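Chemist: Below you'll find work31.txt; it's compact mmCIF, C-alpha atoms and all ligand atoms.
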# COMPACT_ATOMS: atom_id res chain seq x y z
CA MET V 86 -29.82 -24.16 -2.33
CA PRO V 87 -30.19 -21.16 0.02
CA ALA V 88 -29.38 -17.85 -1.67
CA VAL V 89 -27.23 -15.53 0.42
CA THR V 90 -25.93 -12.05 -0.27
CA ARG V 91 -22.61 -10.75 0.98
CA HIS V 92 -22.49 -7.01 1.49
CA ILE V 93 -19.41 -5.04 0.55
CA GLY V 94 -18.89 -1.45 1.65
CA LEU V 95 -16.53 1.01 0.01
CA SER V 96 -15.28 3.60 2.49
CA LEU V 97 -14.03 6.35 0.20
CA GLY V 98 -12.47 9.77 -0.05
CA ALA V 99 -11.82 11.40 -3.41
CA ASP V 100 -11.54 7.96 -5.04
CA ILE V 101 -13.41 8.91 -8.16
CA CYS V 102 -12.34 6.36 -10.77
CA TRP V 103 -11.74 2.94 -9.27
CA PRO V 104 -15.01 2.64 -7.29
CA LEU V 105 -16.94 3.08 -10.55
CA ALA V 106 -14.93 0.26 -12.08
CA PHE V 107 -15.32 -1.92 -9.00
CA GLU V 108 -19.09 -1.45 -8.76
CA GLN V 109 -19.86 -1.73 -12.47
CA ILE V 110 -17.68 -4.79 -13.12
CA LEU V 111 -19.18 -6.52 -10.09
CA ALA V 112 -22.71 -5.75 -11.31
CA ASP V 113 -21.87 -6.90 -14.87
CA ALA V 114 -20.36 -10.20 -13.69
CA LYS V 115 -23.70 -11.22 -12.04
CA LEU V 116 -21.85 -13.69 -9.84
CA GLU V 117 -23.77 -16.51 -8.19
CA LEU V 118 -21.15 -18.66 -6.55
CA LYS V 119 -21.94 -22.15 -5.30
CA ILE V 120 -20.11 -22.32 -1.99
CA GLY V 121 -20.95 -25.29 0.24
CA LYS V 122 -24.72 -25.35 0.53
CA ASP V 123 -25.16 -21.70 -0.45
CA VAL V 124 -25.46 -19.72 -3.64
CA VAL V 125 -23.59 -16.54 -2.86
CA SER V 126 -24.15 -13.23 -4.61
CA PHE V 127 -22.80 -9.77 -3.76
CA ALA V 128 -24.15 -6.31 -3.10
CA CYS V 129 -21.88 -3.28 -3.00
CA GLU V 130 -22.46 0.25 -1.75
CA ARG V 131 -20.57 3.28 -0.55
CA VAL V 132 -20.27 3.76 3.21
CA ALA V 133 -21.85 6.95 4.57
CA ILE V 134 -20.37 9.09 7.33
CA GLU V 135 -23.03 9.42 10.04
CA PRO V 136 -23.61 9.10 13.82
CA PHE V 137 -23.49 5.56 15.17
CA MET V 138 -24.31 3.87 18.48
CA LEU V 139 -21.67 1.80 20.21
CA GLN V 140 -23.87 -1.25 19.75
CA PRO V 141 -23.66 -4.29 17.48
CA GLY V 142 -25.10 -3.76 14.04
CA CYS V 143 -23.24 -3.44 10.75
CA LYS V 144 -24.74 -4.29 7.40
CA TYR V 145 -21.45 -5.10 5.71
CA ASP V 146 -19.45 -8.33 5.63
CA LEU V 147 -16.37 -6.55 4.29
CA VAL V 148 -15.25 -2.96 3.91
CA VAL V 149 -12.54 -1.74 1.54
CA ASP V 150 -11.35 1.30 3.42
CA ARG V 151 -9.56 4.36 2.08
CA LEU V 152 -10.21 6.75 4.97
CA THR V 153 -8.85 5.22 8.15
CA HIS V 154 -5.50 6.96 7.90
CA TRP V 155 -6.98 10.44 8.06
CA LEU V 156 -10.68 10.50 9.03
CA ALA V 157 -11.15 9.70 12.71
CA ILE V 158 -14.90 9.03 12.71
CA GLN V 159 -14.65 6.45 9.93
CA ARG V 160 -11.68 4.79 11.58
CA GLU V 161 -13.55 4.56 14.88
CA TRP V 162 -16.71 3.27 13.15
CA ILE V 163 -14.63 0.58 11.49
CA LYS V 164 -13.03 -0.43 14.79
CA LYS V 165 -16.48 -0.68 16.33
CA CYS V 166 -17.68 -2.93 13.52
CA ILE V 167 -14.65 -5.21 13.78
CA LEU V 168 -14.99 -5.53 17.54
CA MET V 169 -18.77 -5.83 17.73
CA ASP V 170 -19.84 -7.31 14.41
CA GLY V 171 -16.91 -9.34 13.10
CA LEU V 172 -16.48 -7.10 10.06
CA TYR V 173 -13.54 -7.81 7.71
CA VAL V 174 -11.73 -4.60 6.80
CA TYR V 175 -8.70 -3.89 4.80
CA ASN V 176 -6.54 -2.65 6.32
CA ASN V 177 -6.32 -3.38 10.08
CA PRO V 178 -7.11 0.10 11.45
CA TRP V 179 -5.13 -0.23 14.70
CA SER V 180 -2.07 -1.15 12.75
CA VAL V 181 -2.58 1.68 10.25
CA GLN V 182 -2.83 4.08 13.18
CA SER V 183 0.24 2.96 15.04
CA TYR V 184 2.79 1.48 12.61
CA GLU V 185 4.14 4.37 10.62
CA LYS V 186 7.35 4.58 8.61
CA HIS V 187 9.53 4.56 11.73
CA SER V 188 8.25 1.40 13.39
CA SER V 189 8.05 -0.37 10.03
CA TYR V 190 11.78 0.38 9.52
CA CYS V 191 12.55 -0.92 13.01
CA ALA V 192 10.59 -4.15 12.69
CA MET V 193 11.90 -5.04 9.24
CA THR V 194 15.50 -4.17 10.19
CA ALA V 195 15.08 -6.53 13.16
CA LEU V 196 14.05 -9.27 10.70
CA GLY V 197 17.21 -8.66 8.67
CA MET V 198 15.81 -6.57 5.81
CA PRO V 199 18.47 -4.30 4.27
CA VAL V 200 16.82 -0.97 5.12
CA PRO V 201 19.46 1.79 4.70
CA PRO V 202 21.11 3.03 7.94
CA THR V 203 18.65 5.43 9.55
CA MET V 204 18.81 7.65 12.62
CA MET V 205 16.04 9.53 14.38
CA VAL V 206 16.96 12.99 15.67
CA PRO V 207 15.11 15.02 18.31
CA GLN V 208 12.91 17.61 16.70
CA LYS V 209 14.07 21.19 16.32
CA ASN V 210 11.02 22.82 17.95
CA TYR V 211 8.12 21.55 20.00
CA GLU V 212 4.49 22.45 20.63
CA PRO V 213 4.42 24.36 23.94
CA LYS V 214 3.29 22.13 26.82
CA PRO V 215 3.30 22.77 30.58
CA ASP V 216 6.17 20.36 31.37
CA LEU V 217 8.17 20.92 28.20
CA ASP V 218 10.77 23.40 29.49
CA TYR V 219 11.61 21.36 32.56
CA THR V 220 11.82 18.12 30.58
CA LEU V 221 14.06 19.50 27.85
CA LYS V 222 16.37 21.33 30.28
CA ALA V 223 16.72 18.20 32.38
CA TYR V 224 17.01 15.56 29.68
CA ALA V 225 17.47 16.85 26.14
CA ARG V 226 21.16 16.33 25.33
CA LEU V 227 22.89 18.74 23.00
CA PHE V 228 23.98 16.82 19.94
CA ASP V 229 26.23 17.57 17.01
CA LEU V 230 24.36 17.37 13.73
CA GLY V 231 27.71 17.25 11.92
CA LYS V 232 28.46 13.94 13.66
CA VAL V 233 25.02 12.59 12.73
CA GLY V 234 25.72 13.37 9.06
CA ALA V 235 29.20 11.84 9.23
CA GLN V 236 27.86 8.67 10.87
CA ILE V 237 25.07 8.17 8.31
CA GLY V 238 27.19 9.31 5.35
CA TYR V 239 26.31 11.54 2.36
CA PRO V 240 24.21 11.76 0.30
CA LEU V 241 21.38 11.22 2.75
CA PHE V 242 17.69 11.94 3.05
CA MET V 243 15.99 13.85 5.85
CA LYS V 244 12.33 12.92 6.09
CA PRO V 245 9.48 12.86 8.60
CA TYR V 246 9.30 9.65 10.66
CA ASP V 247 5.65 9.20 9.71
CA GLY V 248 5.50 11.01 6.39
CA GLY V 249 3.69 10.60 3.12
CA GLY V 250 3.32 12.39 -0.20
CA TRP V 251 6.99 13.47 -0.16
CA GLN V 252 6.19 16.20 2.34
CA GLY V 253 9.28 17.43 4.16
CA VAL V 254 11.57 15.00 2.26
CA THR V 255 14.97 16.53 1.35
CA LYS V 256 18.00 15.04 -0.36
CA ILE V 257 21.15 16.30 1.33
CA ASP V 258 24.71 16.25 -0.01
CA ASP V 259 26.74 17.87 2.75
CA GLU V 260 26.78 19.16 6.32
CA ALA V 261 25.73 22.71 5.40
CA GLN V 262 22.57 21.40 3.71
CA LEU V 263 21.89 19.09 6.65
CA ARG V 264 22.06 21.99 9.09
CA ASP V 265 19.86 24.11 6.87
CA SER V 266 17.20 21.37 6.50
CA TYR V 267 17.22 20.70 10.22
CA GLU V 268 16.63 24.41 10.93
CA LYS V 269 13.65 24.31 8.58
CA SER V 270 12.24 21.04 9.95
CA GLU V 271 10.59 22.95 12.83
CA LYS V 272 8.21 20.68 14.75
CA TRP V 273 8.58 17.65 12.49
CA LEU V 274 10.22 14.61 14.04
CA MET V 275 12.77 13.52 11.46
CA HIS V 276 14.78 10.57 10.29
CA VAL V 277 18.15 10.97 8.67
CA GLN V 278 18.62 8.08 6.24
CA ARG V 279 21.55 7.14 4.04
CA ALA V 280 20.63 7.50 0.36
CA VAL V 281 20.77 4.42 -1.79
CA ALA V 282 23.01 6.26 -4.23
CA GLY V 283 23.83 4.72 -7.59
CA PHE V 284 20.85 2.33 -7.61
CA ASP V 285 20.12 0.65 -10.96
CA LEU V 286 16.42 -0.14 -10.44
CA PHE V 287 13.57 1.47 -8.48
CA VAL V 288 10.44 -0.64 -7.95
CA ARG V 289 7.15 -0.53 -6.14
CA ALA V 290 5.69 -3.88 -5.13
CA VAL V 291 1.96 -3.59 -4.59
CA GLY V 292 0.16 -6.29 -2.63
CA ILE V 293 -3.58 -6.96 -2.50
CA GLY V 294 -4.03 -10.06 -0.36
CA PRO V 295 -1.63 -12.69 -1.74
CA GLN V 296 -1.49 -10.98 -5.17
CA VAL V 297 1.64 -8.89 -5.73
CA ARG V 298 2.59 -6.80 -8.73
CA VAL V 299 6.14 -5.49 -9.04
CA ILE V 300 6.18 -2.22 -10.96
CA LYS V 301 9.14 -0.28 -12.29
CA TYR V 302 9.12 3.25 -10.90
CA ASP V 303 10.81 6.51 -11.84
CA ALA V 304 10.59 8.98 -8.95
CA SER V 305 12.11 11.78 -11.03
CA GLN V 306 9.01 12.01 -13.30
CA PRO V 307 5.81 13.97 -12.66
CA LEU V 308 3.03 11.89 -11.01
CA HIS V 309 1.62 10.44 -14.25
CA GLY V 310 5.06 9.26 -15.39
CA ARG V 311 6.32 7.52 -12.26
CA TYR V 312 4.69 4.09 -12.60
CA LEU V 313 6.20 2.66 -15.78
CA PRO V 314 4.42 0.16 -18.01
CA ASP V 315 7.60 -1.93 -18.51
CA ARG V 316 7.39 -5.69 -17.95
CA ASN V 317 10.15 -8.29 -17.52
CA PHE V 318 12.62 -5.66 -16.37
CA CYS V 319 14.22 -7.87 -13.73
CA SER V 320 15.04 -11.55 -13.27
CA PRO V 321 12.39 -13.93 -11.87
CA GLU V 322 14.48 -14.28 -8.69
CA ASP V 323 14.63 -10.49 -8.22
CA GLU V 324 10.90 -10.31 -8.73
CA GLN V 325 10.38 -13.11 -6.20
CA VAL V 326 12.48 -11.24 -3.62
CA MET V 327 10.16 -8.25 -3.97
CA VAL V 328 7.02 -10.41 -3.89
CA ASP V 329 8.23 -12.11 -0.70
CA THR V 330 9.26 -8.75 0.81
CA CYS V 331 5.85 -7.28 0.14
CA LEU V 332 3.98 -10.31 1.53
CA LEU V 333 6.16 -10.28 4.66
CA ILE V 334 5.53 -6.60 5.34
CA ASN V 335 1.82 -6.77 4.61
CA THR V 336 1.10 -9.78 6.79
CA PHE V 337 3.41 -8.64 9.60
CA PHE V 338 1.41 -5.41 9.92
CA GLY V 339 -2.02 -6.78 8.99
CA TRP V 340 -2.27 -4.81 5.76
CA ASP V 341 -4.19 -6.46 2.91
CA PHE V 342 -3.39 -3.60 0.54
CA ASN V 343 -0.03 -1.85 0.72
CA SER V 344 2.90 -0.85 -1.44
CA VAL V 345 6.65 -1.20 -0.90
CA GLU V 346 9.26 1.08 -2.46
CA ALA V 347 12.70 -0.43 -2.94
CA LEU V 348 15.92 0.50 -4.71
CA ARG V 349 18.28 -2.13 -6.12
CA LYS V 350 21.99 -1.55 -5.76
CA ASP V 351 24.70 -4.17 -6.39
CA GLY V 352 21.97 -6.79 -6.75
CA VAL V 353 20.34 -6.06 -3.37
CA PHE V 354 16.91 -4.46 -2.94
CA HIS V 355 16.87 -1.83 -0.18
CA PRO V 356 13.30 -1.02 0.88
CA ILE V 357 13.03 2.68 1.76
CA ASP V 358 9.31 3.27 2.26
CA PHE V 359 6.80 0.54 2.97
CA ALA V 360 4.23 1.87 5.42
CA ASN V 361 1.78 2.88 2.68
CA PRO V 362 -1.43 1.13 3.75
CA CYS V 363 -3.61 3.31 1.53
CA PRO V 364 -1.58 3.12 -1.67
CA ASP V 365 -2.28 5.17 -4.74
CA ASN V 366 -5.09 3.47 -6.63
CA GLN V 367 -6.03 6.16 -9.13
CA VAL V 368 -5.87 5.84 -12.87
CA ASN V 369 -4.01 9.13 -13.32
CA SER V 370 -0.93 7.71 -11.61
CA ILE V 371 -1.07 3.92 -12.13
CA HIS V 372 -2.83 3.99 -15.57
CA TYR V 373 -1.38 0.92 -17.37
CA HIS V 374 -1.57 -1.13 -14.16
CA TRP V 375 -5.02 0.13 -13.14
CA PRO V 376 -6.96 -2.89 -14.48
CA TRP V 377 -4.71 -5.15 -12.40
CA TYR V 378 -5.45 -3.11 -9.27
CA VAL V 379 -9.20 -3.05 -9.84
CA THR V 380 -9.50 -6.75 -10.71
CA SER V 381 -7.20 -7.88 -7.89
CA ASN V 382 -9.08 -5.72 -5.43
CA LEU V 383 -12.39 -7.25 -6.55
CA LYS V 384 -11.07 -10.79 -6.35
CA TRP V 385 -9.66 -10.39 -2.87
CA ALA V 386 -12.75 -8.58 -1.53
CA LEU V 387 -15.11 -11.17 -3.00
CA PHE V 388 -13.03 -14.11 -1.83
CA CYS V 389 -12.85 -12.76 1.73
CA ALA V 390 -16.56 -11.92 1.83
CA ALA V 391 -17.72 -15.14 0.16
CA THR V 392 -15.67 -17.45 2.37
CA ARG V 393 -16.27 -15.38 5.49
CA ARG V 394 -12.55 -15.27 6.02
CA PRO V 395 -12.06 -14.05 9.61
CA MET V 396 -10.07 -10.87 9.99
CA ARG V 397 -7.02 -10.98 12.28
CA LYS V 398 -7.88 -8.41 14.92
CA THR V 399 -4.46 -8.63 16.53
CA LEU V 400 -1.00 -8.92 15.08
CA ASP V 401 1.26 -11.84 15.92
CA PHE V 402 4.94 -11.10 15.36
CA GLU V 403 6.54 -14.04 17.16
CA PRO V 404 6.64 -16.57 14.28
CA TYR V 405 8.60 -14.04 12.17
CA TYR V 406 11.03 -13.30 15.01
CA ALA V 407 11.51 -17.05 15.51
CA ILE V 408 12.81 -17.25 11.92
CA ALA V 409 14.91 -14.09 12.41
CA ARG V 410 16.74 -15.79 15.31
CA LYS V 411 17.83 -18.70 13.10
CA ASP V 412 21.33 -18.77 11.74
CA LEU V 413 20.38 -18.48 8.08
CA PRO V 414 21.25 -16.18 5.18
CA TYR V 415 18.68 -13.39 4.77
CA ARG V 416 17.24 -14.82 1.52
CA GLU V 417 16.42 -18.09 3.34
CA LYS V 418 14.80 -16.18 6.20
CA LEU V 419 12.78 -14.18 3.69
CA LYS V 420 11.48 -17.41 2.13
CA GLY V 421 10.41 -18.52 5.62
CA TYR V 422 8.66 -15.20 6.31
CA ALA V 423 6.88 -15.48 2.96
CA ARG V 424 5.68 -19.00 3.81
CA ILE V 425 4.02 -17.61 6.94
CA ALA V 426 2.58 -14.79 4.86
CA ARG V 427 1.06 -17.13 2.25
CA GLU V 428 -0.46 -19.28 4.97
CA ARG V 429 -1.94 -16.26 6.71
CA LEU V 430 -3.38 -15.08 3.40
CA ASP V 431 -4.79 -18.50 2.43
CA ALA V 432 -2.86 -18.11 -0.82
CA GLU V 433 -3.50 -21.64 -2.11
CA LYS V 434 -7.18 -21.58 -1.27
CA PHE V 435 -7.46 -18.17 -2.91
CA ALA V 436 -5.78 -19.40 -6.12
CA GLU V 437 -8.18 -22.38 -6.34
CA PHE V 438 -11.13 -20.11 -5.63
CA CYS V 439 -10.12 -17.73 -8.44
CA GLN V 440 -9.71 -20.63 -10.84
CA LYS V 441 -13.08 -22.08 -9.97
CA HIS V 442 -15.25 -18.97 -9.65
CA PHE V 443 -13.80 -15.88 -11.28
CA GLY V 444 -13.98 -16.65 -15.02
CA PRO V 445 -17.12 -14.46 -15.42
CA LEU V 446 -15.51 -11.70 -13.37
CA GLU V 447 -12.41 -11.67 -15.58
CA GLU V 448 -14.58 -11.48 -18.67
CA ALA V 449 -16.77 -8.70 -17.26
CA ALA V 450 -13.58 -6.80 -16.34
CA ARG V 451 -12.09 -7.15 -19.85
CA ASN V 452 -15.30 -5.90 -21.43
CA TRP V 453 -15.63 -3.03 -18.98
CA PHE V 454 -12.06 -1.79 -19.47
CA ARG V 455 -12.72 -1.65 -23.23
CA SER V 456 -16.02 0.19 -22.81
CA ASP V 457 -17.15 3.80 -22.87
CA ARG V 458 -17.99 3.45 -19.18
CA CYS V 459 -14.28 3.01 -18.52
CA ARG V 460 -13.51 5.99 -20.74
CA ASP V 461 -16.03 8.02 -18.74
CA ALA V 462 -14.66 6.95 -15.32
CA ILE V 463 -11.15 7.94 -16.42
CA ARG V 464 -12.37 11.28 -17.72
CA ARG V 465 -14.17 12.05 -14.46
CA LYS V 466 -10.97 11.48 -12.49
CA VAL V 467 -8.87 13.49 -14.92
CA ALA V 468 -11.38 16.37 -14.92
CA ASN V 469 -11.08 16.46 -11.13
CA MET V 470 -7.27 16.66 -11.24
CA TYR V 471 -6.20 18.54 -14.37
CA PRO V 472 -6.76 22.03 -15.81
CA ALA V 473 -9.61 22.07 -18.38
CA HIS V 474 -7.31 22.38 -21.39
CA GLU V 475 -5.46 19.15 -20.47
CA VAL V 476 -8.49 16.95 -19.77
CA ASP V 477 -8.86 15.57 -23.30
CA GLU V 478 -5.18 14.81 -23.73
CA PHE V 479 -4.71 13.01 -20.43
CA SER V 480 -8.03 11.14 -20.56
CA THR V 481 -7.06 9.78 -23.98
CA ARG V 482 -3.56 8.91 -22.83
CA PHE V 483 -4.70 6.96 -19.73
CA PHE V 484 -7.46 5.15 -21.65
CA ALA V 485 -4.92 4.07 -24.27
CA LEU V 486 -2.61 2.68 -21.55
CA VAL V 487 -5.51 0.74 -20.06
CA GLN V 488 -6.26 -0.71 -23.54
CA LYS V 489 -2.63 -1.72 -23.83
CA TYR V 490 -2.79 -3.57 -20.51
CA VAL V 491 -5.90 -5.46 -21.58
CA SER V 492 -4.39 -6.58 -24.87
CA ASP V 493 -1.01 -7.39 -23.27
CA SER V 494 -2.69 -9.57 -20.67
CA GLU V 495 -4.77 -11.32 -23.33
CA LYS V 496 -1.56 -12.08 -25.22
CA GLU V 497 0.08 -13.37 -22.03
CA SER V 498 -2.85 -15.64 -21.23
CA ARG V 499 -2.68 -17.17 -24.74
CA GLN V 500 1.05 -17.97 -24.34
N1 LIG K 601 17.17 6.35 1.38
C1 LIG K 601 16.79 6.80 0.18
N2 LIG K 601 17.58 6.61 -0.90
C2 LIG K 601 17.25 7.08 -2.13
N3 LIG K 601 16.11 7.76 -2.37
C3 LIG K 601 15.29 8.01 -1.32
C4 LIG K 601 15.58 7.55 0.00
N4 LIG K 601 14.57 7.93 0.82
C5 LIG K 601 13.71 8.62 0.04
N5 LIG K 601 14.12 8.68 -1.25
C6 LIG K 601 13.45 9.35 -2.38
O1 LIG K 601 12.49 10.28 -1.87
C7 LIG K 601 11.17 9.88 -2.25
C8 LIG K 601 10.22 10.16 -1.10
O2 LIG K 601 10.64 9.47 0.07
P1 LIG K 601 9.66 8.50 0.87
O3 LIG K 601 9.05 7.53 -0.09
O4 LIG K 601 10.37 7.93 2.02
O5 LIG K 601 8.58 9.57 1.35
P2 LIG K 601 7.00 9.56 1.36
O6 LIG K 601 6.63 10.93 1.76
O7 LIG K 601 6.53 8.42 2.19
O8 LIG K 601 6.57 9.26 -0.15
P3 LIG K 601 5.22 8.56 -0.73
O9 LIG K 601 4.05 9.20 -0.13
O10 LIG K 601 5.36 8.79 -2.21
O11 LIG K 601 5.31 7.11 -0.45
C9 LIG K 601 11.29 8.41 -2.63
O12 LIG K 601 10.30 8.00 -3.56
C10 LIG K 601 12.68 8.37 -3.22
O13 LIG K 601 12.65 8.85 -4.55
MG MG K 602 7.40 6.95 -0.78
Can you present the structure in this file as structure tokens?
Modeler:
Amino acid sequence: MPAVTRHIGLSLGADICWPLAFEQILADAKLELKIGKDVVSFACERVAIEPFMLQPGCKYDLVVDRLTHWLAIQREWIKKCILMDGLYVYNNPWSVQSYEKHSSYCAMTALGMPVPPTMMVPQKNYEPKPDLDYTLKAYARLFDLGKVGAQIGYPLFMKPYDGGGWQGVTKIDDEAQLRDSYEKSEKWLMHVQRAVAGFDLFVRAVGIGPQVRVIKYDASQPLHGRYLPDRNFCSPEDEQVMVDTCLLINTFFGWDFNSVEALRKDGVFHPIDFANPCPDNQVNSIHYHWPWYVTSNLKWALFCAATRRPMRKTLDFEPYYAIARKDLPYREKLKGYARIARERLDAEKFAEFCQKHFGPLEEAARNWFRSDRCRDAIRRKVANMYPAHEVDEFSTRFFALVQKYVSDSEKESRQ
């Protein structure tokens, strides 16, 4: 049987911990997969930033990208490789570049998703430009911020239309605070969004290909306390709603790896932030769930590379809108959207593939997460983030949470 190697590139920023896990588990698993007439093995390396010709030639079959959203040269190199070499990348870089929080709200609201009422307001100040004065004098209408607040209702959130990392996000309880925040918003283009006040559950649904994990979240905690280790905190139907919501969003926008924040109130999940196509993947925030992220990331990358799954270069919204036009309750529409999503993600084929080929990978992962190499990877990340006197404490804490995940999942698999 011909031996072939699939090449995986990791396009990284300060991703200190998970790439070590990814590379070392992959090496330990020594996979040789019999696929058709081939025996497929894998090589993995980190992508360098360097000059490139606009010519065909890319040594990778698949790139896991963590830079597209902020480093132009890497984004443009990736686009070149998709267009000229048929590279598979997660996530679709054109979509990452153009579908920010605002357009994701618009599209999902159009499909019936209960996104809280949201208004965009013209920015307070602008970068000077030659035609700016004329344009604003001729066309910018004076508006009453008090009316905006009254229409949306308090409490509300003011936040940048394309934001991330909680920058510029303010909770507002009355008109005086709204006026004050608007004054301070300067050149940021802002949304005003009704708060989901009195919610009884906050979750993040994280999708990697067809795999989704719904995680309980507490936004009031410091970073290391936000992702909670709780399991079985909602009904199977509630969990399914979030799984379907995440798969819809991710396939609509061409994102293989993304996370969806939603707040449940009166039994309904209201997604409030779901354009996160480079979600947090670091052990210091996701700790307990980190082994799930690493293993799911490996499985999806290896499946896509091994089967030469073609990447969708363009998005195709129409099948989702066709369901949106039907006279159905939203939950039924969501099931329809999720069916499209699972088809687009080859969910059944992926599940069979995992069953058939990934036993050795699972075992290598379990052993690695229990090893000193895992302890070391965690410590390296913690040392990069925390003051020296806290490194021991937090490294030990995150390693213990990882151990808990491994033993919990062993228990689950025996049940
Ligand atoms: N409509 C809302 N109702 C209730 N809470 C909200 C709402 N919008 C934002 N928040 C709170 O503010 C936080 C930050 O808002 P949001 O997630 O939209 O901003 P972000 O900058 O994209 O954050 P991140 O980078 O963490 O994803 C949320 O995690 C949530 O706690
Ligand atoms: Mg958020």
Chemist: Check the smallest atom-to-atom distance from each of V:Tyr302, V:Tyr405, V:Phe435, V:Phe242 to Ala282 in chain V using only C-alpha atoms, then report the winner.
Modeler: V:Phe242
Chemist: Which residues come within 7 Å of range 99-113 of chain V, counting all atoms listed in the file, excluding same-chain residues fewer than 2 positions away, as a ChimeraX atom specification?
Modeler: /V:97,115,129,367-368,379,383,449-450,453,462-463,466
Chemist: Measure the distance from CA of Arg416 in chain V to CA of Asp351 in chain V in Å and round it to one decimal.
Modeler: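 Taking CA of Arg416 in chain V as the start and CA of Asp351 in chain V as the end point, the length is 15.2 Å.
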Chemist: Please identify the residues whose atoms come within 8 Å of ligand MG 602 (chain K), using all atoms listed in the file, and report them as a ChimeraX atom specification.
Modeler: /V:249-251,346,357-359,361
Chemist: Would you name the residues within 9 Å of ligand LIG 601 (chain K), counting only C-alpha atoms and all ligand atoms, and put them as a VMD selection string?
Modeler: chain V and resid 186 200 to 203 240 to 256 277 to 284 287 302 to 305 344 to 348 355 to 361 364 to 365
Chemist: From the options V:Phe228, V:Phe479, V:Phe338, V:Trp385, which residue's atoms come nearest to Phe438 in chain V, counting all atoms listed in the file?
Modeler: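 Ranked by minimum distance to Phe438 in chain V, first place goes to V:Trp385.
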Chemist: Please identify every residue of range 360-472 of chain V that has at least one atom no farther than 10 Å from an atom of range 154-166 of chain V, counting all atoms listed in the file, and for each give the shortest atom pair and the distance in Å to one decimal, arranged by chain then increasing number, as a Markdown table.
Modeler:
| residue | atom | partner | partner_atom | distance |
| --- | --- | --- | --- | --- |
| V:Asn361 | CA | V:His154 | CA | 9.8 |
| V:Pro362 | CA | V:His154 | CA | 8.2 |
| V:Cys363 | CA | V:His154 | CA | 7.6 |
| V:Lys398 | CA | V:Lys164 | CA | 9.5 |
Chemist: Please provide the set of residues having any atom within 6 Å of range 373-378 of chain V, restricted to all atoms listed in the file, with same-chain residues fewer than 4 positions apart removed, written as an MDAnalysis selection string.
Modeler: chainID V and resid 314 368 382 486:487 490
Chemist: Given the selection you just returned, output its residues as a file containing C-alpha atoms, formatted as a CSV table (one decimal), in the frame of the given file.
Modeler:
chain,number,residue,atom,x,y,z
V,314,PRO,CA,4.4,0.2,-18.0
V,368,VAL,CA,-5.9,5.8,-12.9
V,382,ASN,CA,-9.1,-5.7,-5.4
V,486,LEU,CA,-2.6,2.7,-21.6
V,487,VAL,CA,-5.5,0.7,-20.1
V,490,TYR,CA,-2.8,-3.6,-20.5
Chemist: With distances taken over only C-alpha atoms, which of V:Ala432, V:Leu286, V:Ala128, V:Cys459 is nearest to Ala114 in chain V?
Modeler: V:Ala128
Chemist: At a cut-off of 9 Å, using only C-alpha atoms, what residues contact Gln208 in chain V? Leave out same-chain residues fewer than 3 positions from it and give the result as a PyMOL selection string.
Modeler: chain V and resi 205+211+267+270-275
Chemist: Can you write range 251-273 of chain V from the block above with C-alpha atoms, as a PDB file, in the first residue's frame?
Modeler:
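Okay, this is what ended up in selection09.pdb:
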ATOM      1  CA  TRP V 251     -14.680  43.119  26.485  1.00  0.00           C
ATOM      2  CA  GLN V 252     -13.045  46.286  25.199  1.00  0.00           C
ATOM      3  CA  GLY V 253     -15.412  49.243  25.262  1.00  0.00           C
ATOM      4  CA  VAL V 254     -18.292  47.134  26.682  1.00  0.00           C
ATOM      5  CA  THR V 255     -20.408  49.014  29.270  1.00  0.00           C
ATOM      6  CA  LYS V 256     -23.511  47.993  31.174  1.00  0.00           C
ATOM      7  CA  ILE V 257     -25.901  50.926  31.379  1.00  0.00           C
ATOM      8  CA  ASP V 258     -28.837  51.401  33.741  1.00  0.00           C
ATOM      9  CA  ASP V 259     -30.230  54.800  32.793  1.00  0.00           C
ATOM     10  CA  GLU V 260     -30.151  57.679  30.323  1.00  0.00           C
ATOM     11  CA  ALA V 261     -27.440  59.620  32.170  1.00  0.00           C
ATOM     12  CA  GLN V 262     -25.068  56.646  31.951  1.00  0.00           C
ATOM     13  CA  LEU V 263     -25.968  56.133  28.294  1.00  0.00           C
ATOM     14  CA  ARG V 264     -25.091  59.738  27.475  1.00  0.00           C
ATOM     15  CA  ASP V 265     -21.863  59.489  29.435  1.00  0.00           C
ATOM     16  CA  SER V 266     -20.786  56.243  27.692  1.00  0.00           C
ATOM     17  CA  TYR V 267     -21.632  57.664  24.291  1.00  0.00           C
ATOM     18  CA  GLU V 268     -19.471  60.743  24.994  1.00  0.00           C
ATOM     19  CA  LYS V 269     -16.597  58.421  25.878  1.00  0.00           C
ATOM     20  CA  SER V 270     -17.093  56.097  22.893  1.00  0.00           C
ATOM     21  CA  GLU V 271     -15.156  58.532  20.668  1.00  0.00           C
ATOM     22  CA  LYS V 272     -14.415  56.941  17.279  1.00  0.00           C
ATOM     23  CA  TRP V 273     -15.847  53.520  18.081  1.00  0.00           C
TER      24      TRP V 273
END
